[in-house]
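Since the structure comes first, as structure tokens, the remarks are kept for the end.
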Amino acid sequence: MSLISNISWRSMALWKRNRDVFLTTWKTNFLPPFLEPILYLVAMGLGFGALIEADIEYGGRSLEYIKFLAPGLVAISIMYGAFFECTYSSFVRMYYQKTFDAILATPLSLEDIIAGEILWGATKSFINATIVLGVIAAFGYAEFPGLLLIPLISFVGGLMFASLAMLFTALVPNMDSFNYPFFLLITPMFLFSGTFFPLNVLPEWGQQLAMTLPLTHISNMARDLSYNMMSAELAIGAAYVIALTAVCFLASAYLMKKRLVK
Amino acid sequence: MPAVRAEKLTKVFDDLRAVDAIDFEIGEGECFGFLGPNGAGKSTTMRMIHCASPITSGELDVLGMAVNGRCREIKAAIGVAPQENNLDPDFTVRRNLTVYGRYFGLPKEVLEERADRLLEFMQLTEKRDERIQDISGGMKRRLIIARAMMNDPRLLILDEPTTGLDPQARHLIWEKVRELKRKKVTVVLTTHYMDEAERLCDRLVIMDHGKIILEGRPRELIDQVIGTDVMEIDEPTDEMETYVKVRGWQYERTIDRMLIYTEEGQNVAAELKERFAMSYYLIRNATLEDVFLRTTGRALVE
Ligand SMILES: Nc1ncnc2c1ncn2[C@@H]1O[C@H](COP(=O)(O)OP(=O)(O)OP(=O)(O)O)[C@@H](O)[C@H]1O
Ligand SMILES: [Mg+2]
């Protein structure tokens with residue numbers, strides 16, 4: 001399939017471009033992912049968690065609420081890192097700055113550009129999630145050695161959310177239209193993917209619905225690794241993530257080609 | 001082997017034939033011009049040559065490679081200065097060059113050395129650390145041309161390189177194009193400035209409505225279509241026109257002038273002066289602009 005054979009190592013040149021822009025403004029880039037989880041931990045964990053007297057049951061373990069919450073924050077940062085990058089930021093580069101047009105005159109193919117953008121989006125997830133992980137590990141809410149695998153999950157999960165985001169970027173007519181995927185997809189995932197409460201409190205159909213959401217799998221994987229639990233979810237999650245990434249990547253490359261190549 | 005060879009090259013957008021079965025051949029080391037009114041299909045042709053736009057039908061080979069199939073190799077070997085500004089606003093002037101060069105996989109030392117050399121040549125060294133938003137339109141144009149040369153291309157595509165430039169900058173670009181020609185780099189150029197085309201192009205085509213309507217060397221085209229001289233007469237009368245017609249001279253009449261195309265301007269003027277009172281007239285050398293207007297239609301009255 002030419003969508004795949006047109007990808008090459010050259011996509012790294014685009015990745016490097018985005019990295020260079022990121023590094024020139026690193027001060028504004030590092031602070032939010034560092035401060036935000038602290039705010040959530042304080043507000044939700046300490047404040048709201050104080051109201052929750054009973055421990056949370058998760059995978060046969062009982063946990064303090066704040067310790068349950070912490071890996072969920074890592075998962076959320078994985079989702080937002082890539083999704084913001086490959087919607088708003090990619091759209092600005094594609095539509096307003098004509099960066100893709102300029103690069104298309106060089107040996108990069110459009111597929112290289114899409115791949116480079118998605119790799120960069122995943123890198124943003126990796127950076128943000130690793131910062132959040134550092135914060136929660138410092139409080140003791142994630143355990144060695146399982147937590148060492150979470151950066152890997154953040155990159156792979158980042159690839160999935162970046163590909164999903166790129167799909168919308170290929171489709172939307174303007175920036176405001178991103179409100180739809182954010183409102184219909186990202187916010188429900190933020191709330192209902194086992195991030196803030198364990199899914200077993202939901203009715204059966206609710207649990208099944210939650211299992212179709214990408215963030216549920218990332219959240220479960222991050223949590224299992226944080227507590228050093230070797231569960232089937234790691235394998236299921238990995239299969240889900242790989243499958244959805246592949247589908248979204250191919251679809252976004254196809255749609256982007258239709259949009260940009262005239 | 002020609003640098004670019006097109007046969008029945010066609011581009012259709014929805015129901016618009018933007019480029020309509022054109023044939024042309026550009027020799028290696030040649031400076032080749034595409035002229036034509038707005039919407040003639042020049043940029044579309046350029047975009048097909050550098051693989052930004054797939055061809056609808058026909059054949060197009062660039063540096064001996066077919067555009068469908070070998071885009072990556074073609075793009076690696078050519079430089080493109082597009083009509084529209086698409087510099088990277090996230091970087092400074094100099095980094096626009098180095099980052100762009102990196103897309104070609106060039107090593108760092110080469111990038112640095114070329115960026116400095118090209119900035120120097122385009123007289124942008126002073127602006128090297130400015131942001132793109134902070135430089136003038138003409139400087140952006142110069143930077144785009146510098147950027148197109150980062151990969152030391154064998155073929156350079158310049159789509160309206162001098163639009164919006166001051167005279168100094170235009171001369172600068174011309175100098176650069178001539179230097180490239182000496183180095184046997186093929187240059188493909190579109191422009192709306194006829195003096196520029198006349199000066200730079202070895203050969204050129206005039207396009208209109210997606211078709212090539214004229215092709216040749218600038219001097220030869222002028223001789224063929226116009227002759228050597230043009231006599232321009234202000235406020236001609238109908239009797240004058242009838243006389244010119246009867247004499248069989250090539251002419252054109254617009255709202256307020258008559259242009260007579262001839263090999264012997266002085267004689268024609270003398271002959272007319274004997275018979276008619278002319279408030280104002282002039283005799284000048286024929287130019288490419290006359291060819292352009294004649295062939296793409298200036299005349300409101302034929
Ligand atoms: N992406 C596109 N979709 C639809 N029509 C297009 C597209 N690009 C160009 N066209 C049309 O194709 C025709 C040729 O356009 P082109 O840009 O090649 O003209 P041009 O000769 O470069 O004109 P100018 O001197 O104004 O730059 C125009 O009618 C234009 O509207
Ligand atoms: Mg054009």
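Following the order of the structure tokens, chains are lettered A, B, ..., residues in each are numbered from 1, and ligands are numbered from 1.
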
Mind dumping a table of every chain A residue within 10 Å of ligand 1, with the nearest atom pair and its distance in Å to one decimal, using only C-alpha atoms and all ligand atoms, sorted by chain and rising number, as CSV?
residue,atom,partner,partner_atom_place_in_ligand_line,distance
A:Leu260,CA,ligand 1,1 (N),8.8
A:Val261,CA,ligand 1,1 (N),8.2
A:Lys262,CA,ligand 1,1 (N),5.1

Could you write out as a PDB file with C-alpha atoms, in the first residue's frame the residues of chain A within 6 Å of chain B, counting only C-alpha atoms?
ATOM      1  CA  ALA A  13      13.252  15.950   9.763  1.00  0.00           C
ATOM      2  CA  LYS A  98       1.435  26.592   5.013  1.00  0.00           C
ATOM      3  CA  ALA A 102       6.544  24.326   1.934  1.00  0.00           C
ATOM      4  CA  THR A 106      11.378  18.936  -0.414  1.00  0.00           C
ATOM      5  CA  PRO A 107      12.004  15.169  -0.585  1.00  0.00           C
ATOM      6  CA  LYS A 262      -4.899  19.130  -5.635  1.00  0.00           C
TER       7      LYS A 262
END

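Residues of protein or nucleic acid lying within 8 Å of ligand 2, counting only C-alpha atoms and all ligand atoms, are Asn38, Gly39, Gly41, Lys42, Ser43, Thr44, Gln83, Asp159, Glu160 and Thr190 of chain B.
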
Those residues you just picked out, can you put them in a file as a PDB file, in the first residue's frame with all heavy atoms?
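The resulting file, again_3.pdb, is reproduced below:
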ATOM      1  N   ASN B  38      -3.161  36.411 -15.698  1.00  0.00           N
ATOM      2  CA  ASN B  38      -3.589  35.749 -14.470  1.00  0.00           C
ATOM      3  C   ASN B  38      -4.510  34.584 -14.806  1.00  0.00           C
ATOM      4  O   ASN B  38      -5.416  34.712 -15.620  1.00  0.00           O
ATOM      5  CB  ASN B  38      -4.347  36.711 -13.543  1.00  0.00           C
ATOM      6  CG  ASN B  38      -3.448  37.817 -13.015  1.00  0.00           C
ATOM      7  OD1 ASN B  38      -3.830  38.968 -12.989  1.00  0.00           O
ATOM      8  ND2 ASN B  38      -2.259  37.466 -12.608  1.00  0.00           N
ATOM      9  N   GLY B  39      -4.237  33.458 -14.184  1.00  0.00           N
ATOM     10  CA  GLY B  39      -5.100  32.294 -14.377  1.00  0.00           C
ATOM     11  C   GLY B  39      -4.792  31.502 -15.633  1.00  0.00           C
ATOM     12  O   GLY B  39      -5.529  30.588 -15.991  1.00  0.00           O
ATOM     13  N   GLY B  41      -2.486  29.387 -16.125  1.00  0.00           N
ATOM     14  CA  GLY B  41      -2.069  28.007 -15.847  1.00  0.00           C
ATOM     15  C   GLY B  41      -0.569  27.867 -15.592  1.00  0.00           C
ATOM     16  O   GLY B  41      -0.047  26.763 -15.547  1.00  0.00           O
ATOM     17  N   LYS B  42       0.123  28.993 -15.392  1.00  0.00           N
ATOM     18  CA  LYS B  42       1.569  28.950 -15.173  1.00  0.00           C
ATOM     19  C   LYS B  42       1.922  28.253 -13.860  1.00  0.00           C
ATOM     20  O   LYS B  42       2.717  27.319 -13.837  1.00  0.00           O
ATOM     21  CB  LYS B  42       2.147  30.376 -15.153  1.00  0.00           C
ATOM     22  CG  LYS B  42       1.773  31.218 -16.359  1.00  0.00           C
ATOM     23  CD  LYS B  42       2.344  32.618 -16.258  1.00  0.00           C
ATOM     24  CE  LYS B  42       1.799  33.451 -15.114  1.00  0.00           C
ATOM     25  NZ  LYS B  42       0.350  33.768 -15.228  1.00  0.00           N
ATOM     26  N   SER B  43       1.322  28.723 -12.776  1.00  0.00           N
ATOM     27  CA  SER B  43       1.652  28.124 -11.476  1.00  0.00           C
ATOM     28  C   SER B  43       1.254  26.661 -11.424  1.00  0.00           C
ATOM     29  O   SER B  43       1.964  25.840 -10.850  1.00  0.00           O
ATOM     30  CB  SER B  43       0.951  28.883 -10.344  1.00  0.00           C
ATOM     31  OG  SER B  43       1.460  30.181 -10.249  1.00  0.00           O
ATOM     32  N   THR B  44       0.142  26.340 -12.049  1.00  0.00           N
ATOM     33  CA  THR B  44      -0.288  24.940 -12.075  1.00  0.00           C
ATOM     34  C   THR B  44       0.761  24.088 -12.781  1.00  0.00           C
ATOM     35  O   THR B  44       1.098  22.999 -12.330  1.00  0.00           O
ATOM     36  CB  THR B  44      -1.655  24.832 -12.775  1.00  0.00           C
ATOM     37  OG1 THR B  44      -2.570  25.699 -12.119  1.00  0.00           O
ATOM     38  CG2 THR B  44      -2.183  23.415 -12.724  1.00  0.00           C
ATOM     39  N   GLN B  83       4.996  30.781  -5.661  1.00  0.00           N
ATOM     40  CA  GLN B  83       4.429  32.127  -5.808  1.00  0.00           C
ATOM     41  C   GLN B  83       3.994  32.689  -4.458  1.00  0.00           C
ATOM     42  O   GLN B  83       4.133  33.865  -4.190  1.00  0.00           O
ATOM     43  CB  GLN B  83       3.228  32.060  -6.757  1.00  0.00           C
ATOM     44  CG  GLN B  83       2.595  33.402  -7.028  1.00  0.00           C
ATOM     45  CD  GLN B  83       1.516  33.332  -8.111  1.00  0.00           C
ATOM     46  OE1 GLN B  83       1.224  32.272  -8.655  1.00  0.00           O
ATOM     47  NE2 GLN B  83       0.934  34.462  -8.427  1.00  0.00           N
ATOM     48  N   ASP B 159       8.623  30.938  -9.318  1.00  0.00           N
ATOM     49  CA  ASP B 159       7.280  31.377  -9.698  1.00  0.00           C
ATOM     50  C   ASP B 159       7.104  32.831  -9.249  1.00  0.00           C
ATOM     51  O   ASP B 159       6.933  33.100  -8.076  1.00  0.00           O
ATOM     52  CB  ASP B 159       6.227  30.464  -9.052  1.00  0.00           C
ATOM     53  CG  ASP B 159       4.857  30.598  -9.725  1.00  0.00           C
ATOM     54  OD1 ASP B 159       4.676  31.538 -10.522  1.00  0.00           O
ATOM     55  OD2 ASP B 159       3.975  29.766  -9.439  1.00  0.00           O
ATOM     56  N   GLU B 160       7.170  33.719 -10.207  1.00  0.00           N
ATOM     57  CA  GLU B 160       7.122  35.161  -9.960  1.00  0.00           C
ATOM     58  C   GLU B 160       8.130  35.593  -8.893  1.00  0.00           C
ATOM     59  O   GLU B 160       7.765  36.125  -7.849  1.00  0.00           O
ATOM     60  CB  GLU B 160       5.697  35.588  -9.555  1.00  0.00           C
ATOM     61  CG  GLU B 160       4.697  35.288 -10.658  1.00  0.00           C
ATOM     62  CD  GLU B 160       3.367  36.005 -10.456  1.00  0.00           C
ATOM     63  OE1 GLU B 160       3.342  37.009  -9.711  1.00  0.00           O
ATOM     64  OE2 GLU B 160       2.368  35.588 -11.050  1.00  0.00           O
ATOM     65  N   THR B 190       8.444  32.058 -14.031  1.00  0.00           N
ATOM     66  CA  THR B 190       7.245  32.741 -14.507  1.00  0.00           C
ATOM     67  C   THR B 190       7.356  34.192 -14.065  1.00  0.00           C
ATOM     68  O   THR B 190       7.968  34.492 -13.045  1.00  0.00           O
ATOM     69  CB  THR B 190       5.928  32.180 -13.919  1.00  0.00           C
ATOM     70  OG1 THR B 190       5.745  32.734 -12.624  1.00  0.00           O
ATOM     71  CG2 THR B 190       5.937  30.687 -13.830  1.00  0.00           C
TER      72      THR B 190
END

Near Tyr254 in chain A, counting only C-alpha atoms, which residues have an atom at most 8 Å away, once you skip same-chain residues fewer than 4 positions from it, shown as number ranges by chain? A: 3, 250, 258

I need the residues from that last selection saved to file as a PDB file, in the first residue's frame (with N, CA, C and O atoms), if you can.
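Okay, part-v1.pdb is ready:
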ATOM      1  N   LEU A   3       0.398   4.237   0.867  1.00  0.00           N
ATOM      2  CA  LEU A   3       0.366   5.102   2.049  1.00  0.00           C
ATOM      3  C   LEU A   3       1.475   4.718   3.014  1.00  0.00           C
ATOM      4  O   LEU A   3       2.021   5.549   3.720  1.00  0.00           O
ATOM      5  N   LEU A 250      -3.767   5.314   8.892  1.00  0.00           N
ATOM      6  CA  LEU A 250      -4.037   5.123   7.463  1.00  0.00           C
ATOM      7  C   LEU A 250      -5.163   6.035   6.992  1.00  0.00           C
ATOM      8  O   LEU A 250      -5.077   6.670   5.940  1.00  0.00           O
ATOM      9  N   LYS A 258      -6.238  13.649   0.300  1.00  0.00           N
ATOM     10  CA  LYS A 258      -7.386  14.163  -0.438  1.00  0.00           C
ATOM     11  C   LYS A 258      -7.556  15.655  -0.217  1.00  0.00           C
ATOM     12  O   LYS A 258      -7.956  16.398  -1.108  1.00  0.00           O
TER      13      LYS A 258
END

Residue contacts of Ala6 in chain B (12 Å, only C-alpha atoms) excluding same-chain residues fewer than 2 positions away, as a PyMOL selection string: chain B and resi 2-4+8-10+19-27+45-46+48-49+55+57-67+212

Could you write those residues out with N, CA and C atoms, as a short mmCIF file (atom, residue, chain, number, x, y, z; two decimals), in the first residue's frame?
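Full text of again.cif as output:
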data_model
loop_
_atom_site.label_atom_id
_atom_site.label_comp_id
_atom_site.auth_asym_id
_atom_site.auth_seq_id
_atom_site.Cartn_x
_atom_site.Cartn_y
_atom_site.Cartn_z
N PRO B 2 16.57 16.40 -22.18
CA PRO B 2 16.03 17.69 -21.73
C PRO B 2 15.81 17.70 -20.22
N ALA B 3 15.89 18.90 -19.62
CA ALA B 3 15.67 19.01 -18.18
C ALA B 3 14.21 18.75 -17.84
N VAL B 4 13.33 19.28 -18.70
CA VAL B 4 11.89 19.01 -18.50
C VAL B 4 11.29 18.72 -19.87
N LYS B 8 1.44 16.58 -24.13
CA LYS B 8 -0.01 16.58 -23.89
C LYS B 8 -0.32 16.74 -22.40
N LEU B 9 0.51 17.52 -21.73
CA LEU B 9 0.36 17.67 -20.28
C LEU B 9 -0.95 18.40 -19.96
N THR B 10 -1.74 17.79 -19.09
CA THR B 10 -3.08 18.32 -18.80
C THR B 10 -3.36 18.29 -17.32
N VAL B 19 -4.63 23.44 -17.28
CA VAL B 19 -3.55 23.24 -18.24
C VAL B 19 -4.08 22.25 -19.27
N ASP B 20 -4.00 22.64 -20.53
CA ASP B 20 -4.76 21.93 -21.54
C ASP B 20 -3.85 21.35 -22.63
N ALA B 21 -3.38 20.14 -22.40
CA ALA B 21 -2.60 19.40 -23.39
C ALA B 21 -1.45 20.21 -23.98
N ILE B 22 -0.54 20.66 -23.12
CA ILE B 22 0.59 21.44 -23.63
C ILE B 22 1.81 20.56 -23.84
N ASP B 23 2.60 20.93 -24.84
CA ASP B 23 3.88 20.27 -25.11
C ASP B 23 4.98 21.31 -24.97
N PHE B 24 6.04 20.93 -24.31
CA PHE B 24 7.23 21.80 -24.31
C PHE B 24 8.43 20.99 -23.88
N GLU B 25 9.61 21.54 -24.19
CA GLU B 25 10.84 20.86 -23.81
C GLU B 25 11.81 21.93 -23.34
N ILE B 26 12.37 21.73 -22.16
CA ILE B 26 13.31 22.70 -21.61
C ILE B 26 14.69 22.05 -21.58
N GLY B 27 15.64 22.67 -22.26
CA GLY B 27 16.98 22.09 -22.34
C GLY B 27 17.75 22.28 -21.04
N THR B 45 1.30 24.61 -13.88
CA THR B 45 2.36 23.88 -14.58
C THR B 45 3.60 23.72 -13.69
N MET B 46 3.98 24.81 -13.01
CA MET B 46 5.14 24.74 -12.10
C MET B 46 4.90 23.67 -11.04
N MET B 48 3.06 21.08 -11.12
CA MET B 48 3.15 19.71 -11.64
C MET B 48 4.62 19.32 -11.81
N ILE B 49 5.44 20.28 -12.22
CA ILE B 49 6.86 19.97 -12.42
C ILE B 49 7.51 19.58 -11.10
N ILE B 55 -0.40 15.09 -12.18
CA ILE B 55 -0.90 15.44 -13.51
C ILE B 55 -2.19 14.66 -13.78
N SER B 57 -3.41 14.08 -17.05
CA SER B 57 -3.05 13.16 -18.13
C SER B 57 -1.87 13.73 -18.90
N GLY B 58 -1.35 12.95 -19.81
CA GLY B 58 -0.18 13.35 -20.56
C GLY B 58 1.07 12.80 -19.91
N GLU B 59 2.22 13.35 -20.36
CA GLU B 59 3.49 12.89 -19.81
C GLU B 59 4.30 14.07 -19.33
N LEU B 60 5.03 13.86 -18.26
CA LEU B 60 5.90 14.92 -17.76
C LEU B 60 7.14 14.27 -17.14
N ASP B 61 8.30 14.54 -17.75
CA ASP B 61 9.56 14.04 -17.22
C ASP B 61 10.38 15.22 -16.73
N VAL B 62 10.95 15.08 -15.55
CA VAL B 62 11.81 16.12 -15.00
C VAL B 62 13.17 15.49 -14.74
N LEU B 63 14.22 16.06 -15.32
CA LEU B 63 15.57 15.51 -15.22
C LEU B 63 15.58 14.03 -15.58
N GLY B 64 14.80 13.69 -16.58
CA GLY B 64 14.78 12.32 -17.06
C GLY B 64 13.93 11.36 -16.24
N MET B 65 13.23 11.89 -15.22
CA MET B 65 12.40 11.01 -14.39
C MET B 65 10.94 11.39 -14.54
N ALA B 66 10.09 10.38 -14.62
CA ALA B 66 8.65 10.65 -14.75
C ALA B 66 8.10 11.14 -13.41
N VAL B 67 7.22 12.16 -13.47
CA VAL B 67 6.72 12.71 -12.20
C VAL B 67 5.83 11.72 -11.43
N ILE B 212 -0.58 26.76 -24.68
CA ILE B 212 0.57 27.54 -25.11
C ILE B 212 0.22 28.17 -26.45
#

Near range 240-246 of chain A, counting only C-alpha atoms, which residues have an atom at most 7 Å away, once you skip same-chain residues fewer than 5 positions from it, shown as a list of chain:residue names? A:Gly157, A:Leu159, A:Met160, A:Ser163

Selection from above, N, CA, C and O atoms, as a PDB file, in the first residue's frame, can you write it?
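File written: part29.pdb
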ATOM      1  N   GLY A 157       0.644   5.219  23.480  1.00  0.00           N
ATOM      2  CA  GLY A 157      -0.687   5.818  23.609  1.00  0.00           C
ATOM      3  C   GLY A 157      -0.736   7.162  22.900  1.00  0.00           C
ATOM      4  O   GLY A 157      -1.737   7.525  22.269  1.00  0.00           O
ATOM      5  N   LEU A 159       0.905   7.934  20.230  1.00  0.00           N
ATOM      6  CA  LEU A 159       0.752   7.659  18.794  1.00  0.00           C
ATOM      7  C   LEU A 159      -0.723   7.479  18.446  1.00  0.00           C
ATOM      8  O   LEU A 159      -1.203   7.969  17.423  1.00  0.00           O
ATOM      9  N   MET A 160      -1.439   6.784  19.345  1.00  0.00           N
ATOM     10  CA  MET A 160      -2.863   6.533  19.078  1.00  0.00           C
ATOM     11  C   MET A 160      -3.661   7.845  19.099  1.00  0.00           C
ATOM     12  O   MET A 160      -4.420   8.126  18.168  1.00  0.00           O
ATOM     13  N   SER A 163      -2.824  10.048  16.101  1.00  0.00           N
ATOM     14  CA  SER A 163      -3.419   9.583  14.840  1.00  0.00           C
ATOM     15  C   SER A 163      -4.900   9.927  14.789  1.00  0.00           C
ATOM     16  O   SER A 163      -5.428  10.347  13.756  1.00  0.00           O
TER      17      SER A 163
END

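Take CA of Pro33 in chain A and CA of Arg61 in chain A: the distance between them is 28.9 Å.
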
When you look at Ile4 in chain A with a cut-off of 12 Å (counting only C-alpha atoms), what residues show up, excluding the ones that are within fewer than 6 positions of it in the same chain? I need them as a count of residues only. 12

Could you give me, as a PyMOL selection string, the residues within 7 Å of Met79 in chain A, counting only C-alpha atoms and dropping anything in the same chain fewer than 4 positions from it? chain A and resi 75+83+125+158+161

Go ahead and write the residues just picked, N, CA and C atoms, as a compact mmCIF listing (two decimals), in the first residue's frame.
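Output contents, as saved in out_24.txt:
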# COMPACT_ATOMS: atom_id res chain seq x y z
N ALA A 75 -2.63 9.21 32.58
CA ALA A 75 -3.34 8.83 31.37
C ALA A 75 -3.95 10.05 30.69
N PHE A 83 -3.32 14.97 21.62
CA PHE A 83 -4.54 15.42 20.94
C PHE A 83 -4.51 16.92 20.67
N SER A 125 3.09 13.72 24.27
CA SER A 125 2.47 12.88 25.29
C SER A 125 3.54 12.31 26.22
N GLY A 158 0.38 7.89 22.96
CA GLY A 158 0.46 9.16 22.27
C GLY A 158 0.31 8.99 20.77
N PHE A 161 -3.47 8.64 20.13
CA PHE A 161 -4.25 9.88 20.21
C PHE A 161 -3.83 10.87 19.12

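Residue nearest Ser154 in chain A within the list A:Thr28, A:Ser177, A:Ser62, A:Ser219: A:Ser219 [criterion: smallest interatomic distance, only C-alpha atoms].
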
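Distances to Trp9 in chain A were evaluated for A:Leu119, A:Val42, A:Leu149, A:Ile218 using only C-alpha atoms, and the minimum falls at A:Leu119.
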
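Running DSSP on the backbone gives strand (DSSP E or B) for these residues within range 31-235 of chain A: Ile56, Glu57, Tyr58, Arg61, Ser62 and Leu63 of chain A.
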
Emit the selected residues as an mmCIF file, in the first residue's frame, including C-alpha atoms.
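Result file part_19.cif:
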data_model
loop_
_atom_site.group_PDB
_atom_site.id
_atom_site.type_symbol
_atom_site.label_atom_id
_atom_site.label_comp_id
_atom_site.auth_asym_id
_atom_site.auth_seq_id
_atom_site.Cartn_x
_atom_site.Cartn_y
_atom_site.Cartn_z
ATOM 1 C CA ILE A 56 -11.165 2.143 46.605
ATOM 2 C CA GLU A 57 -11.245 -1.461 45.402
ATOM 3 C CA TYR A 58 -9.114 -1.942 42.307
ATOM 4 C CA ARG A 61 -6.301 -4.198 46.069
ATOM 5 C CA SER A 62 -7.723 -1.499 48.249
ATOM 6 C CA LEU A 63 -6.276 1.951 47.755
#

Option closest in space to Phe68 in chain A, from A:Trp205, A:Ala142, A:Ala165, A:Leu171 [counting only C-alpha atoms]: A:Ala142

CA of Met240 in chain B to CA of Glu271 in chain B, straight-line distance in Å: 11.4 Å

May I have all residues of range 110-189 of chain A that DSSP, computed from the backbone, assigns to alpha helix (DSSP H), given as an MDAnalysis selection string? chainID A and resid 110:138 150:171 179:181 187:189

Interatomic distance, CA of Ala269 in chain B to CA of Glu220 in chain B (Å, one decimal): 24.2 Å
